[in-house]
Amino acid sequence: MGASTYYIPALALWAGLASKLPELVRSWRDPLVRCVCWVIFLGGAGFAFAAPPTVAAVNRASGIPNLAALLVYAVVSAYSASCLVLILHWRGGPADHVRRLARRWQSGYAVVIVLLVLLFVLGDAPVERRTDLDTYYATSPWIGQMIVLYLLGHMTAAIATTVLCWRWAIQVHGWLRAGLWLLVAGWLLNLSFSTLKLTAVVARWAGRDWDVLSTVLAPGLVGLAATVATVGFTLPLYGPRLVAFWRAVVTWRRLGPLWRELSSAAPGMPLAAPIPWYSSCAVRLTRREAGIQDGLNLVRPHLDDRVRSDAQTVARAAGHGAEDAFRIGLAAMIAAAVRSHTDDAPAARVAVAQSTAGFASRTTLVGVARALRTSPVVAAARAAAAAADERTLL
């Protein structure tokens, strides 16, 4: 595997960490925020330190062959503990109970890291191995035990996290449930990674060479596992935001015909004040809706309920449902009013309050905008209003 296979995920994770730093500064006392940042940082560190160029650089700088392997084992063990602690804080519960469980996992993996260092010091690994240390030293005293301890610690975290996420996923719904199922998949891939490596190590004990499991298959799985797990952690947070963003964009576009129709009533006067170019979609949607309401107020003296009623009757006769026919009637009334306002025709004395009450509904506004763009009934009402205005002027 090339170095980019390690460095690209590391950079992606650390870029995500950079986006979380402002939140960490604001809420550094929140254990959930701290855990998220630790998971992202250690996940990126695991990839960065496992890259063969980094392995060579660490070993060369320290003068200790294979010290980089110990560093990777320690980082991955800390990452495993951080993921477990994050799930505990994320799931919530009595604060004392959560803190107690979190400290147990943290203490357990701290002991694992200390034992990894001790076994490395006791052992002897004089030949540098950048990609196959697990199988090369599988039968070496102390170093072999260090490798097995690391893999068992990783497997324990994978099983525990999978069980926690599985139990939680069947109790919740929506984006949280989707994220948890992705975490289940990601940690099952992590479990497969450590199982393949342990299988290759055990094969060495039996005098067989199954190194391909450790050096080829396992690294591919861990990259996929990190991607899936990262999406699982972030999906419940960003999923609702993406949906809200998409809905705002779609609604903003669908209201376009109504915005343009009302804008034509007063070409020299914008319906709403300008906003900065960097404004969010939610702000743009709010501005468009406010401008539409101002435009409706502008043409209100020309809104003729008879136009609405006639258009609604024609729409029902054409096979439209009650709601669609009502929106087509409103659209026809607006189109006729805009034409009358543009031509400075005298305002009709008609009761319109009941007909315009539905304009406060976003769904109604979207339906009216669609009718303005597509309905032949509205087009006919617009043409009729133009003809009537021409007769009035004559």
# chains A, B, ... in the order shown; residues from 1 in each chain; ligands from 1
$ select_by_dssp --residues "stretch 18-242 of chain A" --states "helix (DSSP H, G or I)" --output "PyMOL selection string"
chain A and resi 18-26+31-50+52-62+67-91+95-122+133-136+143-169+174-205+211-242
$ residues_around --residues "A:Trp252" --least-positions-apart "5" --cutoff "10 Å" --atoms "only C-alpha atoms" --output "PyMOL selection string"
chain A and resi 246-247+259+281-282+284-289+366
$ residues_around --residues "A:Ala379" --least-positions-apart "2" --cutoff "12 Å" --atoms "only C-alpha atoms" --output "list of chain:residue names"
A:Ala311, A:Ile328, A:Gly329, A:Ala331, A:Ala332, A:Met333, A:Ile334, A:Ala335, A:Ala336, A:Arg339, A:Ala371, A:Leu372, A:Arg373, A:Thr374, A:Ser375, A:Pro376, A:Val377, A:Ala381, A:Arg382, A:Ala383, A:Ala384, A:Ala385, A:Ala386
$ closest_residue --among "A:Ala160, A:Leu71, A:Leu32, A:Leu188" --to "A:Phe49" --atoms "only C-alpha atoms"
A:Leu71
$ residues_around --residues "A:Val58" --least-positions-apart "6" --cutoff "10 Å" --atoms "only C-alpha atoms" --output "VMD selection string"
chain A and resid 49 52 64 to 69 71
$ write_last_selection --atoms "N, CA, C and O atoms" --output "PDB file, in the first residue's frame"
ATOM      1  N   PHE A  49       1.143   7.692  11.681  1.00  0.00           N
ATOM      2  CA  PHE A  49       2.305   6.980  12.216  1.00  0.00           C
ATOM      3  C   PHE A  49       2.469   5.585  11.621  1.00  0.00           C
ATOM      4  O   PHE A  49       3.551   5.007  11.697  1.00  0.00           O
ATOM      5  N   PRO A  52       4.458   3.848   6.006  1.00  0.00           N
ATOM      6  CA  PRO A  52       5.857   3.400   5.943  1.00  0.00           C
ATOM      7  C   PRO A  52       6.882   4.528   5.990  1.00  0.00           C
ATOM      8  O   PRO A  52       7.899   4.386   6.691  1.00  0.00           O
ATOM      9  N   ILE A  64      16.151   3.524  17.377  1.00  0.00           N
ATOM     10  CA  ILE A  64      15.648   2.252  17.908  1.00  0.00           C
ATOM     11  C   ILE A  64      14.842   1.564  16.814  1.00  0.00           C
ATOM     12  O   ILE A  64      13.787   2.073  16.415  1.00  0.00           O
ATOM     13  N   PRO A  65      15.311   0.434  16.306  1.00  0.00           N
ATOM     14  CA  PRO A  65      14.547  -0.267  15.277  1.00  0.00           C
ATOM     15  C   PRO A  65      13.152  -0.634  15.787  1.00  0.00           C
ATOM     16  O   PRO A  65      12.994  -1.126  16.897  1.00  0.00           O
ATOM     17  N   ASN A  66      12.150  -0.325  14.967  1.00  0.00           N
ATOM     18  CA  ASN A  66      10.757  -0.716  15.233  1.00  0.00           C
ATOM     19  C   ASN A  66      10.097   0.032  16.399  1.00  0.00           C
ATOM     20  O   ASN A  66       9.037  -0.397  16.886  1.00  0.00           O
ATOM     21  N   LEU A  67      10.705   1.132  16.844  1.00  0.00           N
ATOM     22  CA  LEU A  67      10.016   1.931  17.851  1.00  0.00           C
ATOM     23  C   LEU A  67       8.695   2.471  17.298  1.00  0.00           C
ATOM     24  O   LEU A  67       7.722   2.636  18.034  1.00  0.00           O
ATOM     25  N   ALA A  68       8.664   2.714  15.999  1.00  0.00           N
ATOM     26  CA  ALA A  68       7.439   3.220  15.378  1.00  0.00           C
ATOM     27  C   ALA A  68       6.284   2.248  15.568  1.00  0.00           C
ATOM     28  O   ALA A  68       5.129   2.672  15.718  1.00  0.00           O
ATOM     29  N   ALA A  69       6.566   0.937  15.560  1.00  0.00           N
ATOM     30  CA  ALA A  69       5.504  -0.046  15.755  1.00  0.00           C
ATOM     31  C   ALA A  69       4.887   0.095  17.137  1.00  0.00           C
ATOM     32  O   ALA A  69       3.656   0.051  17.296  1.00  0.00           O
ATOM     33  N   LEU A  71       4.812   2.799  18.886  1.00  0.00           N
ATOM     34  CA  LEU A  71       4.052   4.043  18.869  1.00  0.00           C
ATOM     35  C   LEU A  71       2.683   3.849  18.227  1.00  0.00           C
ATOM     36  O   LEU A  71       1.659   4.319  18.739  1.00  0.00           O
TER      37      LEU A  71
END
$ closest_residue --among "A:Ala229, A:His320, A:Val127, A:Pro31" --to "A:Arg99" --atoms "only C-alpha atoms"
A:Pro31
$ residues_around --residues "A:Ser263" --least-positions-apart "4" --cutoff "9 Å" --atoms "only C-alpha atoms" --output "list in words"
Leu258, Trp259, Pro267, Gly268, Met269, Pro270, Leu271, Gly291, Ile292, Gly295 and Val338 of chain A
$ write_last_selection --atoms "all heavy atoms" --output "tab-separated table (two decimals), in the first residue's frame"
chain	number	residue	atom	x	y	z
A	258	LEU	N	-43.07	32.90	-8.04
A	258	LEU	CA	-43.90	33.86	-7.30
A	258	LEU	C	-43.10	35.13	-7.00
A	258	LEU	O	-43.63	36.25	-7.10
A	258	LEU	CB	-44.41	33.22	-6.02
A	258	LEU	CG	-45.28	34.07	-5.10
A	258	LEU	CD1	-46.48	34.64	-5.86
A	258	LEU	CD2	-45.73	33.26	-3.89
A	259	TRP	N	-41.85	34.98	-6.64
A	259	TRP	CA	-40.97	36.13	-6.40
A	259	TRP	C	-40.85	37.00	-7.65
A	259	TRP	O	-40.98	38.24	-7.60
A	259	TRP	CB	-39.60	35.63	-5.95
A	259	TRP	CG	-38.51	36.66	-5.89
A	259	TRP	CD1	-37.68	37.03	-6.92
A	259	TRP	CD2	-38.12	37.45	-4.77
A	259	TRP	NE1	-36.79	37.98	-6.51
A	259	TRP	CE2	-37.04	38.27	-5.19
A	259	TRP	CE3	-38.56	37.55	-3.46
A	259	TRP	CZ2	-36.41	39.16	-4.34
A	259	TRP	CZ3	-37.93	38.45	-2.62
A	259	TRP	CH2	-36.88	39.24	-3.05
A	267	PRO	N	-41.04	47.21	-10.98
A	267	PRO	CA	-39.69	46.90	-11.47
A	267	PRO	C	-38.59	47.73	-10.84
A	267	PRO	O	-37.47	47.28	-10.69
A	267	PRO	CB	-39.81	47.17	-12.97
A	267	PRO	CG	-41.28	47.06	-13.27
A	267	PRO	CD	-41.97	47.56	-12.04
A	268	GLY	N	-38.88	48.95	-10.48
A	268	GLY	CA	-37.83	49.81	-9.94
A	268	GLY	C	-37.63	49.69	-8.45
A	268	GLY	O	-36.76	50.38	-7.90
A	269	MET	N	-38.42	48.82	-7.80
A	269	MET	CA	-38.33	48.72	-6.34
A	269	MET	C	-38.16	47.26	-5.94
A	269	MET	O	-39.06	46.45	-6.19
A	269	MET	CB	-39.60	49.30	-5.71
A	269	MET	CG	-39.58	49.28	-4.18
A	269	MET	SD	-41.06	50.07	-3.49
A	269	MET	CE	-42.36	48.98	-4.11
A	270	PRO	N	-37.03	46.88	-5.35
A	270	PRO	CA	-36.83	45.48	-4.95
A	270	PRO	C	-37.81	45.09	-3.84
A	270	PRO	O	-38.20	45.91	-3.01
A	270	PRO	CB	-35.39	45.44	-4.45
A	270	PRO	CG	-35.08	46.85	-4.07
A	270	PRO	CD	-35.87	47.72	-4.99
A	271	LEU	N	-38.21	43.83	-3.86
A	271	LEU	CA	-39.15	43.34	-2.85
A	271	LEU	C	-38.54	43.29	-1.46
A	271	LEU	O	-39.25	43.39	-0.46
A	271	LEU	CB	-39.66	41.95	-3.23
A	271	LEU	CG	-40.57	41.87	-4.47
A	271	LEU	CD1	-41.01	40.43	-4.67
A	271	LEU	CD2	-41.76	42.79	-4.32
A	291	GLY	N	-39.99	39.04	1.25
A	291	GLY	CA	-40.22	39.85	0.07
A	291	GLY	C	-41.54	39.51	-0.62
A	291	GLY	O	-42.24	40.39	-1.13
A	292	ILE	N	-41.88	38.23	-0.62
A	292	ILE	CA	-43.15	37.81	-1.22
A	292	ILE	C	-44.33	38.40	-0.44
A	292	ILE	O	-45.30	38.88	-1.02
A	292	ILE	CB	-43.23	36.27	-1.26
A	292	ILE	CG1	-42.30	35.74	-2.38
A	292	ILE	CG2	-44.65	35.79	-1.50
A	292	ILE	CD1	-42.16	34.24	-2.39
A	295	GLY	N	-44.58	41.92	-1.38
A	295	GLY	CA	-45.16	42.04	-2.72
A	295	GLY	C	-46.67	41.82	-2.71
A	295	GLY	O	-47.41	42.51	-3.44
A	338	VAL	N	-51.12	41.69	-10.34
A	338	VAL	CA	-49.82	42.24	-10.76
A	338	VAL	C	-49.96	43.01	-12.06
A	338	VAL	O	-49.41	44.11	-12.24
A	338	VAL	CB	-48.78	41.11	-10.90
A	338	VAL	CG1	-47.53	41.60	-11.61
A	338	VAL	CG2	-48.42	40.55	-9.53
$ residues_around --residues "A:Ala102" --least-positions-apart "3" --cutoff "8 Å" --atoms "only C-alpha atoms" --output "PyMOL selection string"
chain A and resi 84-85+88+98-99+105-106
